[in-house]
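Enquirer: This is data.pdb, which holds PDB, C-alpha atoms:
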ATOM      1  CA  MET A  86      84.244  79.536  79.335
ATOM      2  CA  SER A  87      82.326  82.842  79.827
ATOM      3  CA  THR A  88      80.360  82.838  83.060
ATOM      4  CA  GLY A  89      79.462  79.162  82.771
ATOM      5  CA  PRO A  90      81.513  77.700  85.598
ATOM      6  CA  GLY A  91      81.398  81.069  87.305
ATOM      7  CA  LEU A  92      77.741  81.170  88.244
ATOM      8  CA  GLU A  93      76.559  77.597  87.632
ATOM      9  CA  SER A  94      77.463  76.509  91.138
ATOM     10  CA  LEU A  95      75.390  79.327  92.608
ATOM     11  CA  VAL A  96      72.058  78.482  90.950
ATOM     12  CA  ASP A  97      69.254  77.964  93.503
ATOM     13  CA  GLN A  98      71.467  79.483  96.202
ATOM     14  CA  THR A  99      70.828  82.674  98.082
ATOM     15  CA  ILE A 100      73.227  85.241  96.762
ATOM     16  CA  SER A 101      74.078  88.837  97.421
ATOM     17  CA  VAL A 102      74.504  91.098  94.412
ATOM     18  CA  ILE A 103      76.154  94.490  94.372
ATOM     19  CA  THR A 104      75.025  96.603  91.450
ATOM     20  CA  ASN A 105      76.883  99.301  89.588
ATOM     21  CA  ASP A 106      75.087 102.057  91.466
ATOM     22  CA  GLY A 107      76.120 100.590  94.815
ATOM     23  CA  ARG A 108      72.917  98.798  95.778
ATOM     24  CA  ASN A 109      72.927  95.486  97.622
ATOM     25  CA  ILE A 110      70.258  93.006  96.502
ATOM     26  CA  VAL A 111      69.806  89.583  98.095
ATOM     27  CA  GLY A 112      67.867  86.780  96.393
ATOM     28  CA  VAL A 113      67.863  83.227  95.032
ATOM     29  CA  LEU A 114      69.756  82.882  91.741
ATOM     30  CA  LYS A 115      67.434  81.328  89.184
ATOM     31  CA  GLY A 116      69.307  81.940  85.949
ATOM     32  CA  PHE A 117      72.125  83.740  84.192
ATOM     33  CA  ASP A 118      73.724  84.037  80.772
ATOM     34  CA  GLN A 119      77.028  84.915  79.083
ATOM     35  CA  ALA A 120      76.520  88.632  79.559
ATOM     36  CA  THR A 121      76.056  88.058  83.306
ATOM     37  CA  ASN A 122      72.384  89.064  83.134
ATOM     38  CA  ILE A 123      70.850  87.328  86.133
ATOM     39  CA  ILE A 124      67.426  86.334  87.422
ATOM     40  CA  LEU A 125      66.849  86.615  91.166
ATOM     41  CA  ASP A 126      63.805  85.237  92.946
ATOM     42  CA  GLU A 127      62.429  86.307  96.368
ATOM     43  CA  SER A 128      64.764  89.246  96.279
ATOM     44  CA  HIS A 129      65.016  92.158  98.642
ATOM     45  CA  GLU A 130      67.245  95.173  98.704
ATOM     46  CA  ARG A 131      69.296  96.008 101.761
ATOM     47  CA  VAL A 132      69.635  99.741 102.191
ATOM     48  CA  TYR A 133      72.488 100.765 104.461
ATOM     49  CA  SER A 134      72.708 104.105 106.145
ATOM     50  CA  THR A 135      74.716 105.695 108.888
ATOM     51  CA  LYS A 136      71.660 107.102 110.590
ATOM     52  CA  GLU A 137      69.326 104.155 110.911
ATOM     53  CA  GLY A 138      69.624 100.386 110.826
ATOM     54  CA  VAL A 139      69.576  98.381 107.605
ATOM     55  CA  GLN A 140      66.282  98.632 105.732
ATOM     56  CA  GLN A 141      65.046  95.651 103.750
ATOM     57  CA  LEU A 142      62.839  96.398 100.731
ATOM     58  CA  VAL A 143      61.028  93.399  99.254
ATOM     59  CA  LEU A 144      61.387  93.181  95.451
ATOM     60  CA  GLY A 145      60.206  89.705  94.427
ATOM     61  CA  LEU A 146      61.367  88.394  91.032
ATOM     62  CA  TYR A 147      64.140  90.538  89.585
ATOM     63  CA  ILE A 148      66.248  90.563  86.426
ATOM     64  CA  ILE A 149      69.572  92.351  86.751
ATOM     65  CA  ARG A 150      71.203  93.253  83.450
ATOM     66  CA  GLY A 151      74.844  92.332  83.174
ATOM     67  CA  ASP A 152      75.627  94.514  80.214
ATOM     68  CA  ASN A 153      76.900  98.049  79.727
ATOM     69  CA  MET A 154      73.633  99.614  80.600
ATOM     70  CA  TYR A 155      73.924 102.519  83.004
ATOM     71  CA  PHE A 156      72.690 101.607  86.475
ATOM     72  CA  ALA A 157      71.911  98.106  85.465
ATOM     73  CA  PHE A 158      74.569  95.557  86.221
ATOM     74  CA  GLN A 159      76.085  93.717  89.108
ATOM     75  CA  SER A 160      79.674  93.873  90.136
ATOM     76  CA  VAL A 161      79.982  91.340  92.920
ATOM     77  CA  VAL A 162      77.912  88.239  93.418
ATOM     78  CA  GLY A 163      78.509  86.415  96.651
ATOM     79  CA  GLU A 164      77.102  83.213  98.094
ATOM     80  CA  LEU A 165      75.433  84.071 101.377
ATOM     81  CA  ASP A 166      76.390  81.900 104.322
ATOM     82  CA  GLU A 167      72.932  81.452 105.891
ATOM     83  CA  GLU A 168      74.227  80.868 109.410
ATOM     84  CA  LEU A 169      76.404  83.926 109.363
ATOM     85  CA  ASP A 170      73.660  85.976 107.776
ATOM     86  CA  SER A 171      71.016  85.118 110.390
ATOM     87  CA  ALA A 172      73.500  86.023 113.108
ATOM     88  CA  LEU A 173      73.728  89.547 111.765
ATOM     89  CA  ASP A 174      71.790  92.114 113.734
ATOM     90  CA  LEU A 175      70.676  94.252 110.812
ATOM     91  CA  SER A 176      68.683  96.710 112.915
ATOM     92  CA  ASN A 177      71.841  97.759 114.707
ATOM     93  CA  LEU A 178      74.071  97.871 111.655
ATOM     94  CA  ARG A 179      75.194 101.328 110.633
ATOM     95  CA  ALA A 180      77.233 101.894 107.507
ATOM     96  CA  HIS A 181      77.722 104.248 104.626
ATOM     97  CA  PRO A 182      76.002 103.047 101.460
ATOM     98  CA  LEU A 183      78.405 101.498  98.948
ATOM     99  CA  LYS A 184      79.886 103.816  96.371
ATOM    100  CA  PRO A 185      78.839 103.485  92.747
ATOM    101  CA  VAL A 186      81.340 101.982  90.319
ATOM    102  CA  ILE A 187      83.390 104.552  88.407
ATOM    103  CA  HIS A 188      85.090 103.259  85.265
TER
ATOM    104  CA  MET B 287      94.758  86.051  76.652
ATOM    105  CA  LEU B 288      98.005  86.878  78.435
ATOM    106  CA  PHE B 289      96.471  87.903  81.722
ATOM    107  CA  PHE B 290      93.930  85.112  81.558
ATOM    108  CA  SER B 291      96.865  82.657  81.515
ATOM    109  CA  TYR B 292      98.662  84.694  84.160
ATOM    110  CA  PHE B 293      95.715  84.530  86.542
ATOM    111  CA  LYS B 294      95.221  80.830  85.849
ATOM    112  CA  ASP B 295      98.727  80.330  87.225
ATOM    113  CA  LEU B 296      97.762  82.293  90.345
ATOM    114  CA  VAL B 297      94.832  79.999  91.188
ATOM    115  CA  GLY B 298      95.116  78.796  94.777
ATOM    116  CA  ARG B 299      96.915  81.932  95.933
ATOM    117  CA  GLU B 300      95.599  84.416  98.439
ATOM    118  CA  VAL B 301      94.898  87.684  96.628
ATOM    119  CA  THR B 302      93.261  91.004  97.284
ATOM    120  CA  VAL B 303      90.963  92.411  94.611
ATOM    121  CA  GLU B 304      90.269  96.140  94.660
ATOM    122  CA  LEU B 305      87.088  97.152  92.854
ATOM    123  CA  LYS B 306      86.157 100.371  91.100
ATOM    124  CA  ASN B 307      83.762 101.274  93.914
ATOM    125  CA  ASP B 308      86.741 101.235  96.341
ATOM    126  CA  LEU B 309      85.690  97.936  97.944
ATOM    127  CA  ALA B 310      88.694  95.636  98.553
ATOM    128  CA  ILE B 311      88.091  91.913  98.948
ATOM    129  CA  ARG B 312      90.666  89.405 100.088
ATOM    130  CA  GLY B 313      90.365  85.689  99.323
ATOM    131  CA  THR B 314      91.786  82.586  97.701
ATOM    132  CA  LEU B 315      91.702  82.719  93.905
ATOM    133  CA  HIS B 316      89.402  79.892  92.864
ATOM    134  CA  SER B 317      89.071  80.521  89.142
ATOM    135  CA  VAL B 318      89.203  83.065  86.377
ATOM    136  CA  ASP B 319      87.666  83.183  82.897
ATOM    137  CA  GLN B 320      88.306  84.845  79.539
ATOM    138  CA  TYR B 321      86.635  88.081  80.701
ATOM    139  CA  LEU B 322      88.884  88.064  83.775
ATOM    140  CA  ASN B 323      85.803  87.504  85.927
ATOM    141  CA  ILE B 324      87.208  86.259  89.236
ATOM    142  CA  LYS B 325      85.875  83.730  91.702
ATOM    143  CA  LEU B 326      87.226  83.988  95.221
ATOM    144  CA  GLU B 327      86.794  81.663  98.195
ATOM    145  CA  ASN B 328      87.105  82.332 101.944
ATOM    146  CA  THR B 329      86.455  85.960 101.220
ATOM    147  CA  ARG B 330      86.639  88.761 103.690
ATOM    148  CA  VAL B 331      86.343  92.453 103.025
ATOM    149  CA  VAL B 332      89.533  94.357 103.813
ATOM    150  CA  ASP B 333      87.923  97.192 105.776
ATOM    151  CA  GLN B 334      85.089  95.287 107.461
ATOM    152  CA  ASP B 335      83.927  98.094 109.716
ATOM    153  CA  LYS B 336      83.440 100.433 106.801
ATOM    154  CA  TYR B 337      81.901  97.828 104.513
ATOM    155  CA  PRO B 338      79.733  95.394 106.489
ATOM    156  CA  HIS B 339      77.663  94.761 103.345
ATOM    157  CA  MET B 340      79.460  91.513 102.614
ATOM    158  CA  LEU B 341      79.818  90.176 106.174
ATOM    159  CA  SER B 342      77.933  86.958 105.452
ATOM    160  CA  VAL B 343      79.587  86.232 102.122
ATOM    161  CA  ARG B 344      82.242  83.527 102.001
ATOM    162  CA  ASN B 345      82.580  82.850  98.260
ATOM    163  CA  CYS B 346      82.090  85.370  95.531
ATOM    164  CA  PHE B 347      82.045  86.000  91.810
ATOM    165  CA  ILE B 348      83.494  89.328  90.715
ATOM    166  CA  ARG B 349      82.703  90.672  87.251
ATOM    167  CA  GLY B 350      85.961  91.451  85.456
ATOM    168  CA  SER B 351      84.811  94.895  84.323
ATOM    169  CA  VAL B 352      84.616  96.232  87.889
ATOM    170  CA  VAL B 353      88.113  95.255  88.995
ATOM    171  CA  ARG B 354      90.483  98.193  89.435
ATOM    172  CA  TYR B 355      93.552  96.354  90.822
ATOM    173  CA  VAL B 356      94.775  92.962  91.891
ATOM    174  CA  PRO B 357      97.790  93.969  94.005
ATOM    175  CA  LEU B 358     100.524  91.323  94.137
ATOM    176  CA  PRO B 359     103.643  91.163  96.315
ATOM    177  CA  PRO B 360     106.713  92.059  94.177
ATOM    178  CA  GLU B 361     108.610  88.929  95.207
ATOM    179  CA  GLU B 362     105.861  86.791  93.691
ATOM    180  CA  VAL B 363     105.917  88.486  90.299
ATOM    181  CA  ASP B 364     108.448  87.648  87.601
ATOM    182  CA  ILE B 365     108.694  91.043  85.901
ATOM    183  CA  GLU B 366     111.046  89.908  83.138
ATOM    184  CA  LEU B 367     108.738  87.061  82.199
ATOM    185  CA  LEU B 368     105.776  89.424  82.034
ATOM    186  CA  HIS B 369     107.724  91.957  79.955
ATOM    187  CA  ASP B 370     108.739  89.294  77.443
ATOM    188  CA  ALA B 371     105.259  87.833  77.266
ATOM    189  CA  THR B 372     103.737  91.300  76.761
ATOM    190  CA  ARG B 373     106.184  92.108  73.977
ATOM    191  CA  ARG B 374     105.372  88.841  72.258
ATOM    192  CA  GLU B 375     101.650  89.401  72.649
ATOM    193  CA  ALA B 376     101.918  92.946  71.275
ATOM    194  CA  ARG B 377     103.863  91.749  68.248
ATOM    195  CA  GLY B 378     101.724  88.727  67.507
ATOM    196  CA  GLY B 379      98.275  89.891  68.665
TER
END
Would it be possible to restate this file's structure as structure tokens?

Expert:
Amino acid sequence: MSTGPGLESLVDQTISVITNDGRNIVGVLKGFDQATNIILDESHERVYSTKEGVQQLVLGLYIIRGDNMYFAFQSVVGELDEELDSALDLSNLRAHPLKPVIH
Amino acid sequence: MLFFSYFKDLVGREVTVELKNDLAIRGTLHSVDQYLNIKLENTRVVDQDKYPHMLSVRNCFIRGSVVRYVPLPPEEVDIELLHDATRREARGG
């Protein structure tokens, strides 16, 4: 079964990925494999802070490694509801950055 | 394989998944796989004010390796069944 049924339904969708070091990257899922390595197109990183609004850094085509590499894999992949997302006022959003994963 | 089967039986239930980065996500268990990767639907983050990062996410895939807990209400868990199954698994596996 691996991640077959898991991520198949999300291909070509805009998804939000949370990486091991607590970063939030949004992009279109282009591909994945058994180790949960994923390919994201048109991606940008959303940097949250408590002092200023959400910053969006454009990344382009990204590969995120699903394996045990330090700082290199995603923990949560979520399908972004476009309507809800466009309703978000990112410039007024204040939040602590996500914590890194501790095993 | 024990917990894979256990979670398969929980599909359709509302569960909370607590991750190793302290994020807690509540949702309906859609599916699980051999790595205990979890797919949730109708997700909402437990402490939304603290974690607005997933505000626009409604369905998600959670990698098994980052799950810390899946808390379950005691009345929904058959402890004896789990004990027996674990003993059998330990002996056989």

Enquirer: At what distance in Å, to one decimal, does atom CA of A:Val96 lie from atom CA of B:Phe289?

Expert: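 Taking atom CA of B:Phe289 and atom CA of A:Val96, their separation equals 27.7 Å.
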
Enquirer: I need the residue set behind the PyMOL selection byres ((chain B and resi 308) around 12) for this file; please write it as a list of chain:residue names.

Expert: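 For this structure, the PyMOL selection byres ((chain B and resi 308) around 12) resolves to A:Gly107, A:Ser160, A:Leu183, A:Lys184, A:Pro185, A:Val186, A:Ile187, A:His188, B:Val303, B:Glu304, B:Leu305, B:Lys306, B:Asn307, B:Leu309, B:Ala310, B:Ile311, B:Val331, B:Val332, B:Asp333, B:Lys336, B:Tyr337, B:Val352, B:Val353, B:Arg354, B:Tyr355.
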
Enquirer: For chain B, which residue out of A:Val102, A:Val113, A:Leu144, A:Ala180 is the nearest one, using all atoms listed in the file?

Expert: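 For chain B, the nearest of the given residues is A:Ala180.
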
Enquirer: Quick check, in Å to one decimal: how far apart do atom CA of A:Arg131 and atom CA of A:Gly116 lie?

Expert: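 One can read the atom CA of A:Arg131 to atom CA of A:Gly116 distance as 21.2 Å.
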
Enquirer: What is the distance, in Å and to one decimal place, between atom CA of B:Phe347 and atom CA of B:His369?

Expert: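 Separation of atom CA of B:Phe347 and atom CA of B:His369: 28.9 Å.
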
Enquirer: Could you work out which residues of chain B fall inside 10 Å of chain A? Count all atoms listed in the file, and format the result as a PyMOL selection string.

Expert: chain B and resi 305-309+316-327+329+335-354

Enquirer: Return as AutoDock Vina command-line options the centre and edge lengths, in Å with one decimal, of the box along x, y and z that encloses every atom of stretch 111-122 of chain A in the file, padded by 4 Å per side.

Expert:
--center_x 72.2 --center_y 85.5 --center_z 88.6 --size_x 17.6 --size_y 16.3 --size_z 27.0

Enquirer: Between B:Leu288, B:Leu315, B:Ala376, B:Leu296, which has the minimum distance to B:Glu362 (counting all atoms listed in the file)?

Expert: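 Looking at the shortest contact to B:Glu362, the residue is B:Leu296.
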
Enquirer: Determine the residue membership of the PyMOL selection byres ((chain A and resi 122) around 6) for the file above and supply it as a ChimeraX atom specification.

Expert: /A:117-118,120-121,123,149-151
